[in-house]
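Working notes for the structure below.
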Amino acid sequence: MKRAVVDLQSTRAVWRAPAASIRQITRAFGRGWDVVEVRALSSSDGDGAEPSPEALEAVQGAEVYVGWGVSADIVRSAGPRLVWAHTAAAGVGASLTPGLL
């Protein structure tokens, strides 16, 4: 089964993804996907936010990651199966690490 990780719970309440949005994302992946929601709060202040230990564990072996930036630690933990990384942050400068490229 393929794995997708949704890591959109912000330390700022206004930026937290509502449960209905997480359900919609999960349904959009469809059958054959294990969609894991990271519940630990993470910083949504930029594209290079430090991931939570929960996110680092959840992303291991994942094909897709959606979060507040895509840190080098997320890319390393995901490994070579990661084929799609999506950031909800406005910028991507800090996410453009050699591992991601």
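Labels used: A, B, ... for chains in the order of the structure tokens, numbers from 1 for residues in each chain, and numbers from 1 for ligands as shown.
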
* Which of chain A counts as strand (DSSP E or B) under DSSP, as a PyMOL selection string please? -> chain A and resi 2-7+10+33-37+42+48+64-67+69+84-87

* To do: Show which residues sit within 7 Å of Ala78 (chain A), as number ranges by chain. Count only C-alpha atoms, and ignore same-chain residues fewer than 2 positions away.
  => A: 59-62, 74-76, 80-82

* Computed interatomic separation between CA of Val66 (chain A) and CA of Trp84 (chain A) (Å) ->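 According to the coordinates, CA of Val66 (chain A) and CA of Trp84 (chain A) are separated by 8.4 Å.
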
* Asked: So which residues of chain A fall under helix (DSSP H, G or I) by DSSP, listed as a ChimeraX atom specification?
  -> /A:13-15,19-29,53-58,72-81,93-95

Output for the residues just chosen: N, CA, C and O atoms as a compact mmCIF listing (two decimals), in the first residue's frame:
# COMPACT_ATOMS: atom_id res chain seq x y z
N ALA A 13 -3.28 28.45 15.80
CA ALA A 13 -4.61 27.86 15.62
C ALA A 13 -5.26 28.25 14.30
O ALA A 13 -5.92 27.44 13.65
N VAL A 14 -5.05 29.47 13.86
CA VAL A 14 -5.68 29.94 12.63
C VAL A 14 -5.21 29.18 11.39
O VAL A 14 -5.91 29.11 10.39
N TRP A 15 -4.04 28.58 11.44
CA TRP A 15 -3.47 27.86 10.29
C TRP A 15 -3.68 26.35 10.35
O TRP A 15 -3.30 25.64 9.42
N ALA A 19 -10.50 19.36 10.47
CA ALA A 19 -10.72 17.91 10.29
C ALA A 19 -11.42 17.61 8.97
O ALA A 19 -11.08 16.63 8.29
N ALA A 20 -12.35 18.46 8.56
CA ALA A 20 -13.05 18.24 7.30
C ALA A 20 -12.09 18.31 6.11
O ALA A 20 -12.24 17.55 5.14
N SER A 21 -11.11 19.18 6.18
CA SER A 21 -10.12 19.28 5.10
C SER A 21 -9.24 18.04 5.05
O SER A 21 -8.92 17.54 3.96
N ILE A 22 -8.86 17.53 6.20
CA ILE A 22 -8.04 16.32 6.25
C ILE A 22 -8.83 15.15 5.67
O ILE A 22 -8.30 14.34 4.89
N ARG A 23 -10.10 15.05 6.00
CA ARG A 23 -10.95 13.98 5.43
C ARG A 23 -11.04 14.11 3.91
O ARG A 23 -10.98 13.12 3.18
N GLN A 24 -11.16 15.32 3.43
CA GLN A 24 -11.26 15.55 1.99
C GLN A 24 -9.95 15.15 1.30
O GLN A 24 -9.97 14.52 0.23
N ILE A 25 -8.83 15.50 1.87
CA ILE A 25 -7.53 15.11 1.31
C ILE A 25 -7.41 13.59 1.30
O ILE A 25 -6.99 13.00 0.31
N THR A 26 -7.78 12.96 2.41
CA THR A 26 -7.70 11.50 2.51
C THR A 26 -8.55 10.84 1.43
O THR A 26 -8.09 9.92 0.74
N ARG A 27 -9.78 11.30 1.25
CA ARG A 27 -10.66 10.74 0.22
C ARG A 27 -10.09 10.95 -1.18
O ARG A 27 -10.23 10.10 -2.05
N ALA A 28 -9.44 12.06 -1.42
CA ALA A 28 -8.90 12.37 -2.74
C ALA A 28 -7.81 11.37 -3.15
O ALA A 28 -7.66 11.09 -4.34
N PHE A 29 -7.09 10.82 -2.19
CA PHE A 29 -6.07 9.83 -2.53
C PHE A 29 -6.72 8.54 -3.02
O PHE A 29 -6.18 7.87 -3.89
N PRO A 53 8.94 14.82 15.85
CA PRO A 53 9.32 13.41 15.83
C PRO A 53 8.22 12.54 15.22
O PRO A 53 8.51 11.57 14.51
N GLU A 54 6.95 12.89 15.46
CA GLU A 54 5.84 12.14 14.88
C GLU A 54 5.88 12.19 13.35
O GLU A 54 5.67 11.19 12.67
N ALA A 55 6.16 13.37 12.80
CA ALA A 55 6.23 13.52 11.34
C ALA A 55 7.39 12.72 10.76
O ALA A 55 7.25 12.07 9.72
N LEU A 56 8.53 12.76 11.44
CA LEU A 56 9.70 12.03 10.96
C LEU A 56 9.45 10.53 10.93
O LEU A 56 9.91 9.82 10.02
N GLU A 57 8.70 10.03 11.90
CA GLU A 57 8.37 8.61 11.92
C GLU A 57 7.33 8.27 10.85
O GLU A 57 7.46 7.29 10.12
N ALA A 58 6.31 9.11 10.74
CA ALA A 58 5.21 8.85 9.79
C ALA A 58 5.69 8.85 8.35
O ALA A 58 5.18 8.10 7.51
N ALA A 72 14.98 19.20 5.08
CA ALA A 72 15.94 18.15 4.72
C ALA A 72 15.72 16.91 5.58
O ALA A 72 15.89 15.78 5.11
N ASP A 73 15.32 17.08 6.85
CA ASP A 73 15.07 15.94 7.73
C ASP A 73 13.89 15.11 7.24
O ASP A 73 13.92 13.88 7.31
N ILE A 74 12.85 15.77 6.72
CA ILE A 74 11.70 15.04 6.17
C ILE A 74 12.15 14.23 4.96
O ILE A 74 11.80 13.05 4.82
N VAL A 75 12.90 14.84 4.07
CA VAL A 75 13.37 14.14 2.86
C VAL A 75 14.23 12.94 3.24
O VAL A 75 14.07 11.84 2.70
N ARG A 76 15.14 13.12 4.19
CA ARG A 76 16.00 12.01 4.64
C ARG A 76 15.17 10.88 5.24
O ARG A 76 15.40 9.71 4.96
N SER A 77 14.21 11.23 6.10
CA SER A 77 13.40 10.20 6.75
C SER A 77 12.51 9.47 5.76
O SER A 77 12.28 8.27 5.90
N ALA A 78 12.00 10.17 4.76
CA ALA A 78 11.14 9.53 3.76
C ALA A 78 11.93 8.54 2.91
O ALA A 78 11.44 7.47 2.58
N GLY A 79 13.13 8.90 2.57
CA GLY A 79 13.94 8.02 1.75
C GLY A 79 13.58 8.10 0.27
O GLY A 79 12.85 8.98 -0.16
N PRO A 80 14.07 7.14 -0.50
CA PRO A 80 13.95 7.21 -1.96
C PRO A 80 12.54 7.01 -2.51
O PRO A 80 12.30 7.27 -3.69
N ARG A 81 11.61 6.58 -1.71
CA ARG A 81 10.23 6.38 -2.20
C ARG A 81 9.47 7.69 -2.34
O ARG A 81 8.44 7.74 -3.00
N GLY A 93 12.10 28.44 -0.69
CA GLY A 93 13.55 28.60 -0.66
C GLY A 93 14.27 27.63 0.25
O GLY A 93 15.22 26.96 -0.14
N ALA A 94 13.85 27.51 1.50
CA ALA A 94 14.52 26.64 2.46
C ALA A 94 14.24 25.16 2.18
O ALA A 94 14.96 24.30 2.64
N SER A 95 13.19 24.89 1.41
CA SER A 95 12.86 23.49 1.09
C SER A 95 13.69 22.94 -0.06
O SER A 95 13.75 21.73 -0.26

* Between CA of Val83 (chain A) and CA of Asp45 (chain A), what is the spacing in Å? ->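 Straight-line distance from CA of Asp45 (chain A) to CA of Val83 (chain A) works out to 24.4 Å.
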
* Would you kindly return, as a ChimeraX atom specification, each protein, DNA or RNA residue with an atom no farther than 8 Å from any atom of region 34-43 of chain A, considering only C-alpha atoms and excluding same-chain residues fewer than 3 positions away? => /A:1-12,22,26,29,46,49-52,54-55,58,68

* Asked: Quick one: of A:Ala17, A:Thr87, A:Ser44, A:Gly32, who's nearest to Val70 (chain A), counting only C-alpha atoms?
  ->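 The closest residue to Val70 (chain A) is A:Thr87.
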